[in-house]
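**Q** Dropping a structure here in C-alpha cells format, bear with me for questions.
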Amino acid sequence: MPVLLAPEQAPFLSDLLRSANQVGLDYQLINEPTSRIRGIGSLLSAGPDEVSFLSNPRLKEQVLQCRAAAVILTREVYEALAPGAGFKAVICSQPYLMYALLAQWFDLHRLAQLPAGIHPSAVVDPTARIGPGVSIGPHCVIEAEATIGAGARLGPACIVGQGSSVGNDSLLHARVTLYHGVNVGHRAILHSGVVLGADGFGFAPDPFKGQGAWAKIAQLGGVRIGDDVEIGANTTVDRGALDDTVVGNGVKLDNQIMLAHNVKVGDHTAMAACVGVAGSTVIGQRCTIGGASMLSGHIVLGDDVHVSGGTAITSNVLEPGRYTGVYPFAEHTHWQKNAAVVSQLAHLRRRVRACEKNAPQNEQ
Amino acid sequence: MPVLLAPEQAPFLSDLLRSANQVGLDYQLINEPTSRIRGIGSLLSAGPDEVSFLSNPRLKEQVLQCRAAAVILTREVYEALAPGAGFKAVICSQPYLMYALLAQWFDLHRLAQLPAGIHPSAVVDPTARIGPGVSIGPHCVIEAEATIGAGARLGPACIVGQGSSVGNDSLLHARVTLYHGVNVGHRAILHSGVVLGADGFGFAPDPFKGQGAWAKIAQLGGVRIGDDVEIGANTTVDRGALDDTVVGNGVKLDNQIMLAHNVKVGDHTAMAACVGVAGSTVIGQRCTIGGASMLSGHIVLGDDVHVSGGTAITSNVLEPGRYTGVYPFAEHTHWQKNAAVVSQLAHLRRRVRACEKNAPQNEQ
Amino acid sequence: MPVLLAPEQAPFLSDLLRSANQVGLDYQLINEPTSRIRGIGSLLSAGPDEVSFLSNPRLKEQVLQCRAAAVILTREVYEALAPGAGFKAVICSQPYLMYALLAQWFDLHRLAQLPAGIHPSAVVDPTARIGPGVSIGPHCVIEAEATIGAGARLGPACIVGQGSSVGNDSLLHARVTLYHGVNVGHRAILHSGVVLGADGFGFAPDPFKGQGAWAKIAQLGGVRIGDDVEIGANTTVDRGALDDTVVGNGVKLDNQIMLAHNVKVGDHTAMAACVGVAGSTVIGQRCTIGGASMLSGHIVLGDDVHVSGGTAITSNVLEPGRYTGVYPFAEHTHWQKNAAVVSQLAHLRRRVRACEKNAPQNEQ
C-alpha cells in the first residue's frame, strides 16, 4: 500500500493542487477538506486523509461510498451524482491526468528525502564529469570520461561505462548498467537490471574455425536514448554494429523488452513488457506495441501503428491502424480438434474447390 | 555434476534418511550400504557412494544396472524386479518426494558451510533491523528502516530498499534487488537478477507536452510476497499503482517471468519460465502456467486452471481445466501453404456455405 | 557512432590488414590510402579516414558514392563497377568476414586501453586461483576455490561463485553472475546481467504441506559452458538437477534467452533473443533458433535444424531443415473474422465432408 506522509509533512488539498499542477490543468475545488492529504487511494481503498479520483465513469456509484478526503471527477459526473452540500470534490476536465500529477508530487516528495551526494563506496574515475546536485549511491562505478548531468540520481550499484553520459535530472534505480559509448538524455527513468549497450548479435560464418563456426562482428556503434524516456526492469538495448541504436524522445519501454542492434524507435512510442524487436527494424512515432509482441528484423512500422499483445509482426506495416496475430486459445481437447485442421488447411481448401466444381450450378 | 561430500562429512544412509525425512514419509531400508552416502545421482550416472531413485516405473530396467549404493523405489517396483538378496534399496511410497527431501539435505549442508555474518563491504543503514543469525554478503546495500528476518541469508550485491523486509530464513542469491516498500515472507528463495518493486507501466496522455506525449503515473503501491515463495533468475514483479501487487504463499515462479502492477497470484500457483502477466490480472490458487505463456491484463483465472506453454490467455478462464492456444509448427514450405489459408479462413467458410446451399439435398 | 581512434594511434590500411587478418584471408590492396584508418563505417556513413565494405552485391551502386578511405569488396563487384584508376579498394573473396576481422581489431584495441589488475574494491577469496594477466573490476566478488584463467577480464560487479571457473582470455562484462559449480570455457564473452547456474525449476507435490503445496527439488548439478561461447545480456542458464546443463563449443546466445535445467546445446548452434528452452531438451550442432521461439521440454532437435522466429517447437525435430509455426498477423478487423473461424475449424471440416457426400459425383 502507498506509504502515507507523516501528518506534519502532509499538505492541505489546495496547496497540493497548486504545487502539483505545474502544467496548469483547469480545476475547481468544492469544499476544501479540513484534514491534510497524506496520500492517494483508489475509490474503494482510500482513507479519510487520502484523495481519490474517478477516471472511469462506469464506476460512478463508487464515488458516494468513497471515504477519501476528496474525489477528483469531471463536472458531468459531479452533476450526474448531484452529491449533498458537504461533498468534497475536485472538479477537473481530466481527472486521470490530475491524478497523475498528484501521484508524481508524492513520489518526488519521497525522492527528495533520499540521501544525496556521492557515497564513499562508489568508484568514480577522476576524468568523469559530475554535474551539480548529483546523487551517486553505494557501489556505483563511473568510468573514465563519463558524464553525469546536473541533478541526476543514481541508485546503488549503477555502472556508467567509459565516455557514456546520463542527462540532467535523470533517475537510475539500483543496478542499471550502461556500457561505453551510451548516451542517455534528460529526465530519463531507468529501472533495475536495465542494460544499455551490450553487443548486438552479429556473426559471420568462419570456415577457418571449422564447419559451422562463427566469427564475431565486433559491435562498434553506440546507443542514443532521447529525453523523457522511461525503461523498465531488465530491459536490454543493444549497441549498433556501426551506426547507433536510437530511442526517441518520450519513448516508454516496459520491463524485459529487447531492442536489438540498430533498431530505431520514434518519439512517444510505448511498448508493453516482454516485447522483442530484431535488428535494424525502424518503428515510427506514437506507436503502441502490446506485451509479448515480436517484431522481425529489417522491417519498418510507420507512425501511429498499434500492435495487439502477443502478435508477431513479420513484414512492413506502413498504414496507421491496429494489427493482431494471436489466434484464440480454447479448452485443450477442443483446441486439439481445431489444431489438427490447421495443419491441413491447404488440403481442406482443395476439397472445398472440388465441392465447388462438383456443385450442379456453381455460383462462385 | 553434483559435488560429492568429503567421505568424512558424508552420512550413512540410515542417518541421512532420518535427518532428511522431517515430514515423516514412510520408508523401509533394505540392506544398509556399508559405504557413506556422498551425494545423489540418476540411475545411469550414480556412483557407488551415491544414492539413486526411480520415480518413473517405465525406467524399471535401469534399476538393476544402477551402480548406486542404494535405490529409492516403490514396493510395487521392488517386487516386480524381485532383485537378489544383497540388493540395497529404500522402499518408499513416494520415491520422488523422498529424493526431494534428500536433495534438500545435501543443499542445506552446502549452505551451512558458507561464511555467515555481515561482510565489511556491505552498506547497512543504522536504522535497518537485522535479525539474529543473518548473513549479508559483500557489497550488499540495506537501506533505511529495512528489516532482515532471523536466519536470512543475502548473497553478494543484494539491495533491500527503504522500509522493505525479508522474512526469516529466506535465501537471496547474488544480486537480488528489492525496491522500497517491498515485503517478502519467510523461507523465500530469490534468484540472481530478480527485481521486486520496479514501477508498473502506467501513463496518461499529456496534451500539455505535445501530441502523443505521456505523463507518468507514479507507482505508489508496493509488493507483497507470501511465505515459501521461490522466484527465478531475472524475474520481475512490479509494484502496484496504488494498491499492492500480491504473490501468495507457496507460489513458485521460474526465470524471466514478468508480473505487472496489481497482479494477484493465488497460493501454490506455479509458472514456468518466460511467462508475462499484464496489469491487474488475478490468478487463482494451484494454477500451473506453461512456459512462455502470456496473460492479458484485467482478466481473472480461477483456481486449478492449467495453461499449456506458449498460450495467450486473452479473456477470463473461470472453469478448472487445461487450456491451450499454440498452433502446430511444420516444415517451412508445408507451413507456408497452410498459413496462406489462415489469412482467408472467413472467405473459405463463405465458400463452404455456398457449397451447402448449392448441394442437391442440403442436410445441414 | 563508432569512436574513431586518435590519428596518431590509427594504423595505415596495409598494416591494419596485416595485423587483423590472423586467419590468412586472401586479399589484394588496390591503391593504399595515404590517410590512416581511424575506424570502420557503413557505405553511406563512412568518412575519409574510415574503411568500409560491401557484403551485399545489391548495394553495389553505393560503392562509388562512398567517402571511405577504401572499400572492401569482391573481385566480381570490383570488375562490374570498373571504377577509375585512383579507386582505393581491398579485393577479397569474403568481404564480410574481412570486415569482421577488422572490427575485432578495433574492439581489441579499445579493450587493451582499459585498466588491468585487481581493483582494490574487489573481494577475492584467498583460496581462489587467479591466473596471470587477469583483470578484475571494481566490486567483483570471487568466492572460495574459484578459478580465473590467464588473461581473463572481469568488468565491474561480476560474481564468480564457489568452485566455479572462467577460462583463459574470457571477457565478462559488468555484472555477470556465476553461481557455484559453474564452469565457463576459454575465450567466452558474457554480457551484463547474465546468470549462470541458478536453480532449475523442479518441485514435487508435497501433501504434507497441504493441498497443492510443492517441495523443492534442490538442484545439485552444475553448468558447463564450452570454449568460444558468447552469451547475451540478461540471458539465464540454469544448473542441472543432478547432471549438468551443457552448452557446447562456439555456441552463440543472444539476449534474454532462458535455458532450463539439463538442456544440452550442440557446438556452433546460435539462438536469437528471447528464446526459451524448457528442461532436458537436447539441441544438435549448427542449429539456428529464431528470436522469441519456444522449445518444449524433453524433446530432441537434430543437427542443422533451423527454427523460424516466434515458433513453438513442441515435439522432436530430427530431420535437418527449416521449421515454422507463426501464423500471419493482419489488420485487426480482418484478423477477427479469420480468428472466429480458427475456433471452429473442426466443425468447418465436417461441413466440407458433408458437402462432399452430397455432391452428385463425389470425386474424393
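Residues in the C-alpha cells are named by chain (A, B, ... in the order shown) and by number from 1 within that chain; ligands are numbered from 1 in the order shown.
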For chain C, which residues have at least one atom within 7 Å of chain B, if we go by only C-alpha atoms? Write them as an mmCIF file with N, CA, C and O atoms, in the first residue's frame, please.
**A**
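This went into out_3.cif:
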data_model
loop_
_atom_site.group_PDB
_atom_site.id
_atom_site.type_symbol
_atom_site.label_atom_id
_atom_site.label_comp_id
_atom_site.auth_asym_id
_atom_site.auth_seq_id
_atom_site.Cartn_x
_atom_site.Cartn_y
_atom_site.Cartn_z
ATOM 1 N N HIS C 139 34.305 -3.927 -7.272
ATOM 2 C CA HIS C 139 33.141 -4.575 -6.646
ATOM 3 C C HIS C 139 32.876 -5.984 -7.154
ATOM 4 O O HIS C 139 31.769 -6.510 -6.988
ATOM 5 N N GLY C 193 24.334 -8.888 -16.801
ATOM 6 C CA GLY C 193 23.070 -9.466 -16.369
ATOM 7 C C GLY C 193 22.945 -10.951 -16.617
ATOM 8 O O GLY C 193 21.942 -11.559 -16.226
ATOM 9 N N VAL C 195 23.129 -14.723 -15.941
ATOM 10 C CA VAL C 195 23.106 -15.523 -14.715
ATOM 11 C C VAL C 195 23.278 -16.988 -15.098
ATOM 12 O O VAL C 195 22.413 -17.557 -15.774
ATOM 13 N N ALA C 198 21.686 -20.624 -11.760
ATOM 14 C CA ALA C 198 20.532 -20.525 -10.853
ATOM 15 C C ALA C 198 19.823 -21.883 -10.837
ATOM 16 O O ALA C 198 20.018 -22.712 -11.730
ATOM 17 N N PHE C 201 13.986 -25.374 -12.325
ATOM 18 C CA PHE C 201 12.617 -25.258 -11.774
ATOM 19 C C PHE C 201 12.082 -26.663 -11.545
ATOM 20 O O PHE C 201 11.522 -27.288 -12.447
ATOM 21 N N ALA C 204 8.282 -31.233 -6.329
ATOM 22 C CA ALA C 204 7.437 -32.422 -6.185
ATOM 23 C C ALA C 204 6.220 -32.038 -5.350
ATOM 24 O O ALA C 204 6.353 -31.251 -4.414
ATOM 25 N N PHE C 208 2.263 -33.188 2.547
ATOM 26 C CA PHE C 208 2.462 -32.898 3.977
ATOM 27 C C PHE C 208 2.341 -31.398 4.253
ATOM 28 O O PHE C 208 2.097 -30.985 5.363
ATOM 29 N N GLY C 212 -1.949 -28.947 -2.839
ATOM 30 C CA GLY C 212 -1.346 -28.113 -3.874
ATOM 31 C C GLY C 212 0.039 -27.616 -3.535
ATOM 32 O O GLY C 212 0.671 -26.961 -4.369
ATOM 33 N N ALA C 213 0.541 -27.921 -2.346
ATOM 34 C CA ALA C 213 1.866 -27.406 -1.948
ATOM 35 C C ALA C 213 2.980 -28.163 -2.664
ATOM 36 O O ALA C 213 2.804 -29.288 -3.125
ATOM 37 N N ALA C 215 7.212 -29.312 -2.834
ATOM 38 C CA ALA C 215 8.518 -29.494 -2.191
ATOM 39 C C ALA C 215 9.592 -29.212 -3.226
ATOM 40 O O ALA C 215 9.526 -29.715 -4.356
ATOM 41 N N LYS C 216 10.579 -28.407 -2.848
ATOM 42 C CA LYS C 216 11.626 -28.056 -3.788
ATOM 43 C C LYS C 216 12.519 -29.252 -4.089
ATOM 44 O O LYS C 216 12.893 -30.000 -3.188
ATOM 45 N N ILE C 217 12.842 -29.438 -5.366
ATOM 46 C CA ILE C 217 13.898 -30.372 -5.744
ATOM 47 C C ILE C 217 15.188 -29.548 -5.789
ATOM 48 O O ILE C 217 15.409 -28.793 -6.739
ATOM 49 N N ALA C 218 15.995 -29.653 -4.751
ATOM 50 C CA ALA C 218 17.266 -28.903 -4.754
ATOM 51 C C ALA C 218 18.044 -29.306 -6.003
ATOM 52 O O ALA C 218 18.083 -30.473 -6.383
ATOM 53 N N LEU C 220 21.285 -29.986 -7.734
ATOM 54 C CA LEU C 220 22.642 -30.337 -7.298
ATOM 55 C C LEU C 220 23.630 -30.391 -8.458
ATOM 56 O O LEU C 220 24.837 -30.517 -8.235
ATOM 57 N N GLY C 221 23.137 -30.340 -9.693
ATOM 58 C CA GLY C 221 24.035 -30.360 -10.852
ATOM 59 C C GLY C 221 24.690 -29.005 -11.059
ATOM 60 O O GLY C 221 24.517 -28.087 -10.258
ATOM 61 N N GLY C 222 25.471 -28.891 -12.132
ATOM 62 C CA GLY C 222 26.152 -27.634 -12.415
ATOM 63 C C GLY C 222 25.864 -27.151 -13.823
ATOM 64 O O GLY C 222 24.865 -27.560 -14.443
ATOM 65 N N THR C 236 19.762 -16.333 -19.056
ATOM 66 C CA THR C 236 19.922 -17.204 -17.888
ATOM 67 C C THR C 236 20.073 -18.661 -18.318
ATOM 68 O O THR C 236 19.326 -19.129 -19.175
ATOM 69 N N LEU C 242 20.622 -33.043 -11.371
ATOM 70 C CA LEU C 242 21.687 -33.922 -10.872
ATOM 71 C C LEU C 242 22.881 -33.861 -11.826
ATOM 72 O O LEU C 242 23.997 -33.604 -11.419
ATOM 73 N N ASP C 243 22.639 -34.094 -13.108
ATOM 74 C CA ASP C 243 23.684 -33.922 -14.116
ATOM 75 C C ASP C 243 23.766 -32.442 -14.479
ATOM 76 O O ASP C 243 22.994 -31.630 -13.993
ATOM 77 N N ASP C 244 24.698 -32.082 -15.351
ATOM 78 C CA ASP C 244 24.923 -30.673 -15.680
ATOM 79 C C ASP C 244 24.053 -30.200 -16.844
ATOM 80 O O ASP C 244 23.626 -31.004 -17.677
ATOM 81 N N GLY C 276 13.159 -19.389 -25.349
ATOM 82 C CA GLY C 276 13.058 -20.182 -24.136
ATOM 83 C C GLY C 276 13.160 -21.654 -24.459
ATOM 84 O O GLY C 276 12.484 -22.127 -25.380
ATOM 85 N N THR C 311 8.450 -19.356 -33.324
ATOM 86 C CA THR C 311 7.867 -20.695 -33.497
ATOM 87 C C THR C 311 7.915 -21.484 -32.195
ATOM 88 O O THR C 311 8.914 -21.450 -31.484
ATOM 89 N N ALA C 312 6.829 -22.183 -31.887
ATOM 90 C CA ALA C 312 6.803 -23.080 -30.729
ATOM 91 C C ALA C 312 7.068 -24.498 -31.210
ATOM 92 O O ALA C 312 6.273 -25.063 -31.963
ATOM 93 N N ILE C 313 8.215 -25.037 -30.803
ATOM 94 C CA ILE C 313 8.568 -26.418 -31.180
ATOM 95 C C ILE C 313 8.154 -27.312 -30.028
ATOM 96 O O ILE C 313 8.697 -27.214 -28.927
ATOM 97 N N ARG C 322 14.148 -26.322 -42.286
ATOM 98 C CA ARG C 322 13.616 -25.127 -41.633
ATOM 99 C C ARG C 322 12.191 -25.405 -41.190
ATOM 100 O O ARG C 322 11.401 -26.016 -41.931
ATOM 101 N N TYR C 323 11.854 -24.964 -39.976
ATOM 102 C CA TYR C 323 10.555 -25.233 -39.380
ATOM 103 C C TYR C 323 9.945 -23.928 -38.879
ATOM 104 O O TYR C 323 10.645 -23.086 -38.332
ATOM 105 N N THR C 324 8.641 -23.785 -39.079
ATOM 106 C CA THR C 324 7.972 -22.525 -38.794
ATOM 107 C C THR C 324 6.604 -22.790 -38.183
ATOM 108 O O THR C 324 5.982 -23.817 -38.484
ATOM 109 N N GLY C 325 6.155 -21.876 -37.355
ATOM 110 C CA GLY C 325 4.855 -22.085 -36.717
ATOM 111 C C GLY C 325 4.049 -20.832 -36.454
ATOM 112 O O GLY C 325 2.958 -20.914 -35.906
ATOM 113 N N TYR C 327 1.563 -17.942 -37.182
ATOM 114 C CA TYR C 327 0.545 -17.655 -38.177
ATOM 115 C C TYR C 327 0.452 -16.168 -38.441
ATOM 116 O O TYR C 327 0.812 -15.365 -37.597
ATOM 117 N N PRO C 328 0.047 -15.788 -39.657
ATOM 118 C CA PRO C 328 0.206 -14.399 -40.083
ATOM 119 C C PRO C 328 -0.681 -13.429 -39.316
ATOM 120 O O PRO C 328 -1.810 -13.763 -38.960
ATOM 121 N N LYS C 337 -12.256 -11.739 -38.155
ATOM 122 C CA LYS C 337 -13.099 -12.631 -38.957
ATOM 123 C C LYS C 337 -12.451 -14.003 -39.095
ATOM 124 O O LYS C 337 -13.095 -15.042 -38.958
ATOM 125 N N ASN C 338 -11.125 -14.003 -39.368
ATOM 126 C CA ASN C 338 -10.438 -15.293 -39.527
ATOM 127 C C ASN C 338 -10.306 -16.026 -38.200
ATOM 128 O O ASN C 338 -10.473 -17.244 -38.127
ATOM 129 N N VAL C 341 -13.093 -18.204 -37.226
ATOM 130 C CA VAL C 341 -13.158 -19.495 -37.923
ATOM 131 C C VAL C 341 -12.158 -20.483 -37.319
ATOM 132 O O VAL C 341 -12.442 -21.682 -37.204
ATOM 133 N N VAL C 352 -17.484 -29.530 -44.763
ATOM 134 C CA VAL C 352 -16.914 -29.843 -46.075
ATOM 135 C C VAL C 352 -17.174 -31.307 -46.415
ATOM 136 O O VAL C 352 -17.583 -31.663 -47.521
ATOM 137 N N CYS C 355 -20.598 -31.720 -47.602
ATOM 138 C CA CYS C 355 -20.731 -31.250 -48.991
ATOM 139 C C CYS C 355 -20.234 -32.313 -49.955
ATOM 140 O O CYS C 355 -20.842 -32.583 -50.997
ATOM 141 N N ASN C 358 -22.733 -34.981 -50.314
ATOM 142 C CA ASN C 358 -23.942 -34.560 -51.026
ATOM 143 C C ASN C 358 -23.710 -34.272 -52.499
ATOM 144 O O ASN C 358 -24.651 -34.132 -53.263
ATOM 145 N N ALA C 359 -22.426 -34.147 -52.856
ATOM 146 C CA ALA C 359 -22.168 -33.778 -54.244
ATOM 147 C C ALA C 359 -22.621 -34.900 -55.174
ATOM 148 O O ALA C 359 -22.493 -36.073 -54.839
#
**Q** Enumerate the residues of stretch 200-337 of chain C with a DSSP assignment of alpha helix (DSSP H), computed from the backbone, and present them as number ranges by chain.
**A** C: 332-337
**Q** Limited to C-alpha atoms, could you put the picked residues into a file as a PDB file, in the first residue's frame?
**A**
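Produced file again-v3.pdb, reproduced below:
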ATOM      1  CA  HIS C 332      -7.412  -6.189 -36.574  1.00  0.00           C
ATOM      2  CA  THR C 333     -10.942  -6.418 -38.019  1.00  0.00           C
ATOM      3  CA  HIS C 334      -9.717  -8.698 -40.825  1.00  0.00           C
ATOM      4  CA  TRP C 335      -7.974 -10.857 -38.201  1.00  0.00           C
ATOM      5  CA  GLN C 336     -11.148 -11.037 -36.092  1.00  0.00           C
ATOM      6  CA  LYS C 337     -13.099 -12.631 -38.957  1.00  0.00           C
TER       7      LYS C 337
END
**Q** How many Å separate atom CA of C:Gly197 from atom CA of C:Ile283?
**A** 19.0 Å
**Q** Name the closest residue to C:Gly185 among the candidates C:Ser170, C:Ser55, C:Ser296, C:Ser93; distances are taken between atoms, counting only C-alpha atoms.
**A**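 For C:Gly185, the nearest of the given residues is C:Ser170.
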**Q** Take atom CA of A:Leu13 and atom CA of B:Lys209 and report the distance between them in Å, one decimal.
**A**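 These two atoms are separated by 24.7 Å.
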**Q** Pick out each residue of stretch 68-252 of chain A that DSSP on the backbone tags as strand (DSSP E); I need them as an MDAnalysis selection string.
**A** chainID A and resid 70:73 89:91 117:118 123:124 129:130 135:136 141:142 147:148 153:154 159:160 165:166 171:172 177:178 182:184 189:190 195:198 203:205 214:216 223:225 230:231 236:238 245:247 252
**Q** I want to know what sits within 10 Å of B:Thr281, based on only C-alpha atoms, with residues of the same chain fewer than 5 positions away left out; could you give that as a PyMOL selection string?
**A** chain B and resi 259-265+295-301+316
